[in-house]
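Trainee: Below is the file start-v8.pdb, with PDB, C-alpha atoms, pLDDT in the B column.
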```pdb
ATOM      1  CA  MET B  25       7.225 -34.583 -23.933  1.00 82.00           C
ATOM      2  CA  LYS B  26       7.078 -30.822 -24.057  1.00 90.00           C
ATOM      3  CA  ALA B  27      10.211 -29.079 -22.795  1.00 93.00           C
ATOM      4  CA  ASN B  28       9.737 -27.491 -19.394  1.00 95.00           C
ATOM      5  CA  VAL B  29      13.366 -26.922 -18.329  1.00 95.00           C
ATOM      6  CA  GLY B  30      14.934 -23.628 -19.448  1.00 95.00           C
ATOM      7  CA  ILE B  31      18.531 -23.023 -20.463  1.00 95.00           C
ATOM      8  CA  TYR B  32      19.588 -21.523 -17.117  1.00 96.00           C
ATOM      9  CA  ASP B  33      17.878 -24.352 -15.266  1.00 96.00           C
ATOM     10  CA  GLN B  34      19.730 -26.867 -17.456  1.00 97.00           C
ATOM     11  CA  GLY B  35      23.060 -25.217 -16.707  1.00 97.00           C
ATOM     12  CA  THR B  36      22.343 -25.179 -12.988  1.00 97.00           C
ATOM     13  CA  ARG B  37      21.411 -28.862 -13.049  1.00 97.00           C
ATOM     14  CA  ILE B  38      24.652 -29.781 -14.840  1.00 98.00           C
ATOM     15  CA  LEU B  39      26.748 -27.762 -12.384  1.00 98.00           C
ATOM     16  CA  LEU B  40      25.006 -29.389  -9.418  1.00 98.00           C
ATOM     17  CA  ALA B  41      25.569 -32.836 -10.905  1.00 98.00           C
ATOM     18  CA  ILE B  42      29.274 -32.072 -11.379  1.00 98.00           C
ATOM     19  CA  ALA B  43      29.521 -30.795  -7.803  1.00 98.00           C
ATOM     20  CA  ILE B  44      27.864 -33.949  -6.457  1.00 97.00           C
ATOM     21  CA  ALA B  45      30.182 -36.151  -8.539  1.00 97.00           C
ATOM     22  CA  VAL B  46      33.273 -34.303  -7.307  1.00 97.00           C
ATOM     23  CA  LEU B  47      32.140 -34.510  -3.678  1.00 97.00           C
ATOM     24  CA  TYR B  48      31.476 -38.222  -4.124  1.00 97.00           C
ATOM     25  CA  TYR B  49      34.873 -38.776  -5.764  1.00 96.00           C
ATOM     26  CA  PHE B  50      36.691 -37.095  -2.866  1.00 97.00           C
ATOM     27  CA  ASN B  51      34.635 -39.052  -0.290  1.00 96.00           C
ATOM     28  CA  VAL B  52      32.992 -35.950   1.154  1.00 97.00           C
ATOM     29  CA  ILE B  53      29.634 -37.613   0.573  1.00 96.00           C
ATOM     30  CA  ASP B  54      28.906 -41.288   0.155  1.00 93.00           C
ATOM     31  CA  GLY B  55      26.088 -43.525  -0.925  1.00 92.00           C
ATOM     32  CA  ILE B  56      24.675 -44.463  -4.265  1.00 95.00           C
ATOM     33  CA  GLY B  57      21.760 -42.076  -3.732  1.00 96.00           C
ATOM     34  CA  ALA B  58      23.994 -39.079  -4.418  1.00 96.00           C
ATOM     35  CA  LEU B  59      25.051 -40.534  -7.760  1.00 96.00           C
ATOM     36  CA  ILE B  60      21.448 -41.300  -8.650  1.00 97.00           C
ATOM     37  CA  VAL B  61      20.477 -37.700  -7.927  1.00 97.00           C
ATOM     38  CA  ALA B  62      23.374 -36.477 -10.084  1.00 97.00           C
ATOM     39  CA  GLY B  63      22.281 -38.805 -12.880  1.00 97.00           C
ATOM     40  CA  VAL B  64      18.691 -37.592 -12.739  1.00 97.00           C
ATOM     41  CA  LEU B  65      19.903 -33.985 -12.898  1.00 97.00           C
ATOM     42  CA  VAL B  66      21.989 -34.733 -15.993  1.00 98.00           C
ATOM     43  CA  VAL B  67      19.228 -36.664 -17.766  1.00 97.00           C
ATOM     44  CA  THR B  68      16.547 -34.054 -17.110  1.00 97.00           C
ATOM     45  CA  SER B  69      18.938 -31.359 -18.279  1.00 96.00           C
ATOM     46  CA  LEU B  70      19.811 -33.177 -21.500  1.00 96.00           C
ATOM     47  CA  PHE B  71      16.193 -33.924 -22.386  1.00 96.00           C
ATOM     48  CA  GLY B  72      14.919 -30.518 -21.233  1.00 95.00           C
ATOM     49  CA  PHE B  73      12.035 -32.231 -19.474  1.00 96.00           C
ATOM     50  CA  CYS B  74      11.437 -32.739 -15.767  1.00 96.00           C
ATOM     51  CA  PRO B  75       8.549 -35.024 -14.711  1.00 95.00           C
ATOM     52  CA  LEU B  76       8.317 -33.317 -11.322  1.00 95.00           C
ATOM     53  CA  TYR B  77       7.914 -29.942 -13.024  1.00 95.00           C
ATOM     54  CA  LYS B  78       5.088 -31.398 -15.130  1.00 94.00           C
ATOM     55  CA  LEU B  79       3.381 -32.779 -12.036  1.00 96.00           C
ATOM     56  CA  LEU B  80       3.618 -29.377 -10.308  1.00 96.00           C
ATOM     57  CA  HIS B  81       2.755 -27.412 -13.492  1.00 94.00           C
ATOM     58  CA  ILE B  82       6.092 -25.569 -13.446  1.00 94.00           C
ATOM     59  CA  SER B  83       8.060 -24.482 -16.496  1.00 94.00           C
ATOM     60  CA  THR B  84      11.309 -22.546 -16.700  1.00 94.00           C
ATOM     61  CA  GLU B  85      11.339 -22.788 -20.496  1.00 92.00           C
ATOM     62  CA  GLU B  86      11.121 -19.326 -22.028  1.00 86.00           C
ATOM     63  CA  LYS B  87       8.331 -18.694 -24.482  1.00 78.00           C
ATOM     64  CA  HIS B  88       9.629 -17.273 -27.772  1.00 66.00           C
ATOM     65  CA  SER B  89       7.365 -14.895 -29.653  1.00 57.00           C
ATOM     66  CA  SER B  90       7.147 -15.160 -33.439  1.00 59.00           C
ATOM     67  CA  THR B  91       7.105 -11.410 -34.080  1.00 56.00           C
TER      68      THR B  91
END
```
Show me, as structure tokens, the structure contained in the file I just sent.
Mentor:
Amino acid sequence: MKANVGIYDQGTRILLAIAIAVLYYFNVIDGIGALIVAGVLVVTSLFGFCPLYKLLHISTEEKHSST
């Protein structure tokens, strides 16, 4: 798996997952689907790889030059 999720994208995913978890905890949203989405956001952020990005040929990972 080649990383395709950049650092800012990872941070955004974590913040969204936290927001979903907080909304779920305070019963603003309900359903297990919200927690699954939050879990997917956390996992893709931790691994730095998003299968949907690969399918759509998207990458937010910055290319570092060796100069």
Trainee: Which residues are close to Ala62 (chain B), i.e. within 6 Å by only C-alpha atoms, leaving aside same-chain residues fewer than 3 positions away? Reply as a PDB file with C-alpha atoms, in the coordinates of the input.
Mentor:
```pdb
ATOM      1  CA  ALA B  41      25.569 -32.836 -10.905  1.00 98.00           C
ATOM      2  CA  LEU B  59      25.051 -40.534  -7.760  1.00 96.00           C
ATOM      3  CA  LEU B  65      19.903 -33.985 -12.898  1.00 97.00           C
TER       4      LEU B  65
END
```
Trainee: Applied to this file, what does the PyMOL selection byres ((chain B and resi 63) around 12) return in terms of residues, put as a list in words?
Mentor: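 On the file shown, the PyMOL selection byres ((chain B and resi 63) around 12) covers Arg37, Ile38, Leu39, Leu40, Ala41, Ile42, Ala43, Ile44, Ala45, Ile56, Gly57, Ala58, Leu59, Ile60, Val61, Ala62, Val64, Leu65, Val66, Val67, Thr68, Ser69 and Leu70 of chain B.
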Trainee: To test the calculation: enclose all listed atoms of region 31-35 of chain B in a box whose edges run along x, y and z, add 5 Å on each side, then state centre and edge lengths in Å to one decimal, as AutoDock Vina command-line options.
Mentor:
```
--center_x 20.5 --center_y -24.2 --center_z -17.9 --size_x 15.2 --size_y 15.3 --size_z 15.2
```
Trainee: What do you get, as a CSV table (one decimal) with C-alpha atoms, in the frame of the given file, if you spell out every residue that the PyMOL selection byres ((chain B and resi 30) around 6) selects here?
Mentor:
```csv
chain,number,residue,atom,x,y,z
B,29,VAL,CA,13.4,-26.9,-18.3
B,31,ILE,CA,18.5,-23.0,-20.5
B,32,TYR,CA,19.6,-21.5,-17.1
B,33,ASP,CA,17.9,-24.4,-15.3
B,84,THR,CA,11.3,-22.5,-16.7
B,85,GLU,CA,11.3,-22.8,-20.5
```
Trainee: Quote the spacing between CA of Phe73 (chain B) and CA of Glu86 (chain B) in Å to one decimal place.
Mentor: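 Answer for the CA of Phe73 (chain B) to CA of Glu86 (chain B) separation: 13.2 Å.
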Trainee: Please compute the CA of Gln34 (chain B)-CA of Cys74 (chain B) distance, one decimal, in Å.
Mentor: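 Result for CA of Gln34 (chain B) versus CA of Cys74 (chain B): 10.3 Å, one decimal.
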Trainee: Please, what distance in Å, to one decimal, runs between CA of Phe71 (chain B) and CA of Ile53 (chain B)?
Mentor: 26.9 Å
Trainee: Might you pull out every residue within 10 Å of Lys78 (chain B), with only C-alpha atoms counted and same-chain residues fewer than 2 positions away left off, and present them as a VMD selection string?
Mentor: chain B and resid 25 to 29 73 to 76 80 to 83
